[in-house]
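A.B. asks: Please find input_7.txt (compact mmCIF, N, CA, C and O atoms and all ligand atoms) on the next line:
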# COMPACT_ATOMS: atom_id res chain seq x y z
N MET S 1 0.84 -1.21 0.00
CA MET S 1 0.00 0.00 0.00
C MET S 1 0.87 1.25 0.00
O MET S 1 1.99 1.26 0.49
N SER S 2 0.35 2.29 -0.51
CA SER S 2 1.09 3.55 -0.53
C SER S 2 0.26 4.64 0.14
O SER S 2 -0.32 5.48 -0.50
N VAL S 3 0.22 4.54 1.43
CA VAL S 3 -0.54 5.54 2.19
C VAL S 3 0.33 6.78 2.42
O VAL S 3 1.42 6.68 2.97
N THR S 4 -0.14 7.88 1.98
CA THR S 4 0.68 9.09 2.08
C THR S 4 0.46 9.81 3.39
O THR S 4 1.25 10.62 3.79
N GLY S 5 -0.63 9.54 4.05
CA GLY S 5 -0.86 10.25 5.30
C GLY S 5 -2.05 9.72 6.07
O GLY S 5 -2.84 8.93 5.56
N LEU S 6 -2.15 10.18 7.28
CA LEU S 6 -3.26 9.80 8.13
C LEU S 6 -4.12 11.03 8.40
O LEU S 6 -3.64 12.16 8.34
N CYS S 7 -5.35 10.80 8.70
CA CYS S 7 -6.25 11.90 9.00
C CYS S 7 -5.71 12.69 10.20
O CYS S 7 -5.38 12.12 11.24
N THR S 8 -5.62 13.98 10.04
CA THR S 8 -5.08 14.81 11.10
C THR S 8 -5.98 14.80 12.33
O THR S 8 -5.54 15.00 13.45
N VAL S 9 -7.24 14.55 12.12
CA VAL S 9 -8.19 14.61 13.22
C VAL S 9 -8.28 13.29 13.97
O VAL S 9 -8.13 13.24 15.18
N CYS S 10 -8.49 12.22 13.25
CA CYS S 10 -8.72 10.93 13.91
C CYS S 10 -7.57 9.95 13.71
O CYS S 10 -7.53 8.91 14.34
N GLY S 11 -6.63 10.29 12.84
CA GLY S 11 -5.48 9.44 12.65
C GLY S 11 -5.76 8.20 11.82
O GLY S 11 -4.98 7.27 11.79
N ARG S 12 -6.86 8.21 11.15
CA ARG S 12 -7.26 7.07 10.34
C ARG S 12 -6.52 7.07 9.01
O ARG S 12 -6.18 8.13 8.49
N GLU S 13 -6.34 5.90 8.47
CA GLU S 13 -5.73 5.80 7.15
C GLU S 13 -6.79 6.03 6.07
O GLU S 13 -7.98 6.04 6.34
N GLY S 14 -6.31 6.19 4.85
CA GLY S 14 -7.25 6.38 3.76
C GLY S 14 -7.66 7.83 3.60
O GLY S 14 -8.82 8.13 3.32
N VAL S 15 -6.73 8.71 3.80
CA VAL S 15 -7.02 10.14 3.66
C VAL S 15 -7.27 10.48 2.20
O VAL S 15 -6.54 10.06 1.32
N GLU S 16 -8.31 11.22 1.98
CA GLU S 16 -8.68 11.53 0.60
C GLU S 16 -8.75 13.03 0.34
O GLU S 16 -8.88 13.47 -0.78
N TYR S 17 -8.72 13.82 1.40
CA TYR S 17 -8.92 15.26 1.20
C TYR S 17 -7.81 16.08 1.83
O TYR S 17 -7.18 15.66 2.79
N THR S 18 -7.64 17.26 1.29
CA THR S 18 -6.68 18.20 1.85
C THR S 18 -7.39 19.51 2.13
O THR S 18 -8.08 20.06 1.28
N CYS S 19 -7.22 20.00 3.33
CA CYS S 19 -7.86 21.25 3.72
C CYS S 19 -7.27 22.41 2.91
O CYS S 19 -6.07 22.55 2.80
N ASP S 20 -8.14 23.22 2.38
CA ASP S 20 -7.69 24.36 1.57
C ASP S 20 -7.12 25.46 2.45
O ASP S 20 -6.48 26.39 1.98
N ARG S 21 -7.38 25.39 3.73
CA ARG S 21 -6.97 26.47 4.62
C ARG S 21 -5.65 26.15 5.32
O ARG S 21 -4.72 26.93 5.29
N CYS S 22 -5.59 25.00 5.97
CA CYS S 22 -4.39 24.66 6.73
C CYS S 22 -3.57 23.58 6.05
O CYS S 22 -2.45 23.32 6.45
N GLY S 23 -4.14 22.98 5.02
CA GLY S 23 -3.38 21.98 4.28
C GLY S 23 -3.32 20.63 4.95
O GLY S 23 -2.56 19.76 4.53
N SER S 24 -4.11 20.44 5.98
CA SER S 24 -4.10 19.17 6.68
C SER S 24 -4.77 18.08 5.86
O SER S 24 -5.70 18.35 5.10
N LEU S 25 -4.27 16.88 6.01
CA LEU S 25 -4.90 15.75 5.36
C LEU S 25 -6.00 15.23 6.27
O LEU S 25 -5.79 15.03 7.46
N VAL S 26 -7.16 15.04 5.70
CA VAL S 26 -8.26 14.55 6.51
C VAL S 26 -9.06 13.51 5.75
O VAL S 26 -9.09 13.51 4.52
N CYS S 27 -9.73 12.65 6.51
CA CYS S 27 -10.59 11.66 5.89
C CYS S 27 -11.94 12.30 5.58
O CYS S 27 -12.21 13.44 5.94
N ASP S 28 -12.77 11.53 4.91
CA ASP S 28 -14.04 12.11 4.46
C ASP S 28 -14.94 12.50 5.62
O ASP S 28 -15.82 13.33 5.49
N ARG S 29 -14.70 11.91 6.76
CA ARG S 29 -15.56 12.22 7.91
C ARG S 29 -15.17 13.54 8.55
O ARG S 29 -15.94 14.13 9.31
N HIS S 30 -13.97 13.96 8.28
CA HIS S 30 -13.51 15.20 8.91
C HIS S 30 -13.21 16.27 7.88
O HIS S 30 -12.37 17.14 8.09
N TYR S 31 -13.91 16.17 6.78
CA TYR S 31 -13.74 17.17 5.73
C TYR S 31 -15.09 17.80 5.43
O TYR S 31 -16.12 17.11 5.37
N GLU S 32 -15.08 19.10 5.27
CA GLU S 32 -16.33 19.81 4.99
C GLU S 32 -16.34 20.21 3.52
O GLU S 32 -15.75 21.21 3.15
N PRO S 33 -16.98 19.42 2.69
CA PRO S 33 -16.94 19.63 1.24
C PRO S 33 -17.48 20.99 0.83
O PRO S 33 -17.01 21.59 -0.14
N SER S 34 -18.45 21.48 1.54
CA SER S 34 -19.06 22.76 1.16
C SER S 34 -18.09 23.91 1.32
O SER S 34 -18.20 24.94 0.66
N LEU S 35 -17.12 23.74 2.24
CA LEU S 35 -16.15 24.81 2.48
C LEU S 35 -14.80 24.49 1.87
O LEU S 35 -14.04 25.39 1.52
N GLY S 36 -14.52 23.20 1.76
CA GLY S 36 -13.20 22.81 1.28
C GLY S 36 -12.19 22.80 2.41
O GLY S 36 -11.00 22.77 2.19
N PHE S 37 -12.68 22.84 3.64
CA PHE S 37 -11.82 22.87 4.81
C PHE S 37 -11.97 21.59 5.61
O PHE S 37 -12.95 20.87 5.48
N CYS S 38 -11.01 21.37 6.50
CA CYS S 38 -11.18 20.31 7.47
C CYS S 38 -12.17 20.80 8.53
O CYS S 38 -12.48 21.99 8.59
N VAL S 39 -12.65 19.89 9.34
CA VAL S 39 -13.67 20.28 10.32
C VAL S 39 -13.15 21.30 11.32
O VAL S 39 -13.89 22.13 11.83
N GLU S 40 -11.85 21.25 11.60
CA GLU S 40 -11.30 22.20 12.55
C GLU S 40 -11.33 23.62 11.99
O GLU S 40 -11.70 24.56 12.66
N CYS S 41 -10.93 23.76 10.75
CA CYS S 41 -10.96 25.07 10.13
C CYS S 41 -12.41 25.50 9.91
O CYS S 41 -12.75 26.67 10.09
N ALA S 42 -13.24 24.57 9.55
CA ALA S 42 -14.65 24.88 9.35
C ALA S 42 -15.25 25.43 10.64
O ALA S 42 -16.05 26.35 10.63
N GLY S 43 -14.80 24.88 11.76
CA GLY S 43 -15.29 25.34 13.04
C GLY S 43 -14.77 26.73 13.37
O GLY S 43 -15.48 27.56 13.92
N GLU S 44 -13.53 26.99 12.98
CA GLU S 44 -12.94 28.30 13.26
C GLU S 44 -13.58 29.37 12.40
O GLU S 44 -13.91 30.46 12.85
N VAL S 45 -13.74 29.04 11.15
CA VAL S 45 -14.34 30.00 10.23
C VAL S 45 -15.80 30.24 10.59
O VAL S 45 -16.34 31.32 10.42
N GLY S 46 -16.43 29.21 11.11
CA GLY S 46 -17.82 29.35 11.50
C GLY S 46 -18.74 29.32 10.30
O GLY S 46 -19.12 30.34 9.78
N GLY S 47 -19.05 28.13 9.87
CA GLY S 47 -19.87 27.96 8.67
C GLY S 47 -21.11 28.83 8.67
O GLY S 47 -21.51 29.38 7.66
N GLY S 48 -21.73 28.98 9.83
CA GLY S 48 -22.96 29.77 9.89
C GLY S 48 -22.70 31.26 10.01
O GLY S 48 -23.57 32.08 9.83
N GLY S 49 -21.48 31.62 10.31
CA GLY S 49 -21.14 33.03 10.46
C GLY S 49 -21.52 33.56 11.82
O GLY S 49 -21.51 34.75 12.07
N ARG S 50 -21.83 32.68 12.73
CA ARG S 50 -22.22 33.12 14.06
C ARG S 50 -21.00 33.30 14.95
O ARG S 50 -20.91 34.22 15.72
N LEU S 51 -20.07 32.39 14.80
CA LEU S 51 -18.86 32.48 15.59
C LEU S 51 -18.07 33.72 15.19
O LEU S 51 -18.04 34.09 14.02
N GLY S 52 -17.45 34.36 16.14
CA GLY S 52 -16.63 35.51 15.82
C GLY S 52 -17.41 36.81 15.92
O GLY S 52 -16.84 37.87 16.02
N GLU S 53 -18.70 36.73 15.89
CA GLU S 53 -19.49 37.95 16.01
C GLU S 53 -19.86 38.22 17.46
O GLU S 53 -20.71 39.05 17.75
N ASP S 54 -19.25 37.44 18.32
CA ASP S 54 -19.56 37.57 19.73
C ASP S 54 -18.72 38.65 20.39
O ASP S 54 -19.15 39.32 21.30
N ASN S 55 -17.52 38.81 19.89
CA ASN S 55 -16.62 39.77 20.50
C ASN S 55 -16.42 41.01 19.62
O ASN S 55 -15.61 41.02 18.72
N GLN S 56 -17.17 42.02 19.90
CA GLN S 56 -17.01 43.26 19.17
C GLN S 56 -17.01 44.42 20.15
O GLN S 56 -18.01 45.06 20.40
N PRO S 57 -15.86 44.67 20.74
CA PRO S 57 -15.70 45.65 21.82
C PRO S 57 -16.10 47.05 21.39
O PRO S 57 -16.53 47.86 22.19
N GLU S 58 -15.93 47.35 20.12
CA GLU S 58 -16.17 48.73 19.68
C GLU S 58 -17.53 48.89 19.02
O GLU S 58 -17.72 49.70 18.15
N ASP S 59 -18.44 48.06 19.46
CA ASP S 59 -19.77 48.15 18.86
C ASP S 59 -20.81 48.44 19.94
O ASP S 59 -21.08 47.61 20.78
N ASP S 60 -21.36 49.59 19.91
CA ASP S 60 -22.33 49.97 20.94
C ASP S 60 -23.69 49.33 20.72
O ASP S 60 -24.50 49.26 21.60
N ASP S 61 -23.92 48.88 19.52
CA ASP S 61 -25.19 48.26 19.22
C ASP S 61 -25.44 47.02 20.07
O ASP S 61 -26.56 46.67 20.37
N THR S 62 -24.33 46.40 20.46
CA THR S 62 -24.43 45.17 21.23
C THR S 62 -25.05 45.45 22.61
O THR S 62 -25.60 44.58 23.24
N TYR S 63 -25.00 46.69 23.02
CA TYR S 63 -25.43 47.02 24.38
C TYR S 63 -26.92 47.34 24.43
O TYR S 63 -27.48 47.62 25.45
N ARG S 64 -27.56 47.30 23.30
CA ARG S 64 -28.98 47.62 23.27
C ARG S 64 -29.80 46.57 23.99
O ARG S 64 -29.53 45.38 23.91
N VAL S 65 -30.80 47.00 24.64
CA VAL S 65 -31.67 46.07 25.36
C VAL S 65 -32.91 45.76 24.55
O VAL S 65 -33.60 46.66 24.15
ZN ZN S 101 -10.77 11.60 10.28
ZN ZN S 102 -7.89 22.90 8.06
Could you write out this file's structure as structure tokens?
Ligand SMILES: [Zn+2]
Ligand SMILES: [Zn+2]
C.D. replies:
Amino acid sequence: MSVTGLCTVCGREGVEYTCDRCGSLVCDRHYEPSLGFCVECAGEVGGGGRLGEDNQPEDDDTYRV
């Protein structure tokens, strides 16, 4: 066999995808096809766009009741 790498997330053999963001090799279970990222990057980027909008110190709108 010529296995070039293991899944960065679970360490499984049979890696088929490469993350477009960090370049990690991941298996199909840990790859987000819609983003082209591994699940870790997909989580950081926040597929829904909700993550990251929590910390906006210079936004007074957040203080509205
Ligand atoms: Zn995996
Ligand atoms: Zn990644």
A.B. asks: Around all the atoms of stretch 14-18 of chain S listed in the file, with 6 Å of room on each side, what axis-aligned box do you get, giving centre and edge lengths in Å to one decimal, as JSON?
C.D. replies:
{"center_x": -7.6, "center_y": 13.1, "center_z": 2.0, "size_x": 14.6, "size_y": 25.9, "size_z": 17.6}
A.B. asks: Which is closer to ligand ZN 102 (chain S) than all the others in S:Gly14, S:Gly23, S:Gly46, S:Gly5, using all atoms listed in the file?
C.D. replies: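 Comparing S:Gly14, S:Gly23, S:Gly46, S:Gly5 against ligand ZN 102 (chain S), the winner is S:Gly23.
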A.B. asks: Could you tell me, counting only C-alpha atoms and all ligand atoms, which protein and nucleic acid residues lie no more than 12 Å from ligand ZN 102 (chain S), written as a list in words?
C.D. replies: Cys7, Thr8, Val9, Tyr17, Thr18, Cys19, Asp20, Arg21, Cys22, Gly23, Ser24, Leu25, Val26, Cys27, His30, Tyr31, Glu32, Pro33, Leu35, Gly36, Phe37, Cys38, Val39, Glu40, Cys41, Ala42, Gly43, Glu44 and Val45 of chain S
A.B. asks: Work out how far apart atom CA of S:Arg29 and atom C of S:Gly11 are and give it in Å to one decimal.
C.D. replies: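 These two atoms are separated by 11.3 Å.
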A.B. asks: Quick one: stretch 4-15 of chain S with all heavy atoms, as a compact mmCIF listing (two decimals), keeping the file's coordinate frame?
C.D. replies:
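part-v3.txt, freshly written:
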# COMPACT_ATOMS: atom_id res chain seq x y z
N THR S 4 -0.14 7.88 1.98
CA THR S 4 0.68 9.09 2.08
C THR S 4 0.46 9.81 3.39
O THR S 4 1.25 10.62 3.79
CB THR S 4 0.35 10.05 0.92
OG1 THR S 4 -1.06 10.20 0.84
CG2 THR S 4 0.87 9.50 -0.38
N GLY S 5 -0.63 9.54 4.05
CA GLY S 5 -0.86 10.25 5.30
C GLY S 5 -2.05 9.72 6.07
O GLY S 5 -2.84 8.93 5.56
N LEU S 6 -2.15 10.18 7.28
CA LEU S 6 -3.26 9.80 8.13
C LEU S 6 -4.12 11.03 8.40
O LEU S 6 -3.64 12.16 8.34
CB LEU S 6 -2.76 9.26 9.46
CG LEU S 6 -1.75 8.10 9.35
CD1 LEU S 6 -1.22 7.76 10.74
CD2 LEU S 6 -2.39 6.88 8.72
N CYS S 7 -5.35 10.80 8.70
CA CYS S 7 -6.25 11.90 9.00
C CYS S 7 -5.71 12.69 10.20
O CYS S 7 -5.38 12.12 11.24
CB CYS S 7 -7.64 11.37 9.31
SG CYS S 7 -8.77 12.64 9.89
N THR S 8 -5.62 13.98 10.04
CA THR S 8 -5.08 14.81 11.10
C THR S 8 -5.98 14.80 12.33
O THR S 8 -5.54 15.00 13.45
CB THR S 8 -4.95 16.26 10.61
OG1 THR S 8 -4.23 16.26 9.39
CG2 THR S 8 -4.23 17.12 11.62
N VAL S 9 -7.24 14.55 12.12
CA VAL S 9 -8.19 14.61 13.22
C VAL S 9 -8.28 13.29 13.97
O VAL S 9 -8.13 13.24 15.18
CB VAL S 9 -9.59 15.01 12.71
CG1 VAL S 9 -10.58 15.05 13.85
CG2 VAL S 9 -9.53 16.35 11.98
N CYS S 10 -8.49 12.22 13.25
CA CYS S 10 -8.72 10.93 13.91
C CYS S 10 -7.57 9.95 13.71
O CYS S 10 -7.53 8.91 14.34
CB CYS S 10 -10.03 10.32 13.43
SG CYS S 10 -10.01 9.85 11.69
N GLY S 11 -6.63 10.29 12.84
CA GLY S 11 -5.48 9.44 12.65
C GLY S 11 -5.76 8.20 11.82
O GLY S 11 -4.98 7.27 11.79
N ARG S 12 -6.86 8.21 11.15
CA ARG S 12 -7.26 7.07 10.34
C ARG S 12 -6.52 7.07 9.01
O ARG S 12 -6.18 8.13 8.49
CB ARG S 12 -8.76 7.15 10.09
CG ARG S 12 -9.42 5.81 10.01
CD ARG S 12 -10.92 5.96 9.93
NE ARG S 12 -11.35 6.38 8.60
CZ ARG S 12 -12.60 6.40 8.20
NH1 ARG S 12 -13.55 6.05 9.03
NH2 ARG S 12 -12.93 6.80 7.00
N GLU S 13 -6.34 5.90 8.47
CA GLU S 13 -5.73 5.80 7.15
C GLU S 13 -6.79 6.03 6.07
O GLU S 13 -7.98 6.04 6.34
CB GLU S 13 -5.10 4.41 6.97
CG GLU S 13 -3.90 4.20 7.86
CD GLU S 13 -3.27 2.84 7.60
OE1 GLU S 13 -3.72 2.15 6.69
OE2 GLU S 13 -2.33 2.49 8.33
N GLY S 14 -6.31 6.19 4.85
CA GLY S 14 -7.25 6.38 3.76
C GLY S 14 -7.66 7.83 3.60
O GLY S 14 -8.82 8.13 3.32
N VAL S 15 -6.73 8.71 3.80
CA VAL S 15 -7.02 10.14 3.66
C VAL S 15 -7.27 10.48 2.20
O VAL S 15 -6.54 10.06 1.32
CB VAL S 15 -5.83 10.97 4.19
CG1 VAL S 15 -5.99 12.42 3.82
CG2 VAL S 15 -5.71 10.80 5.68
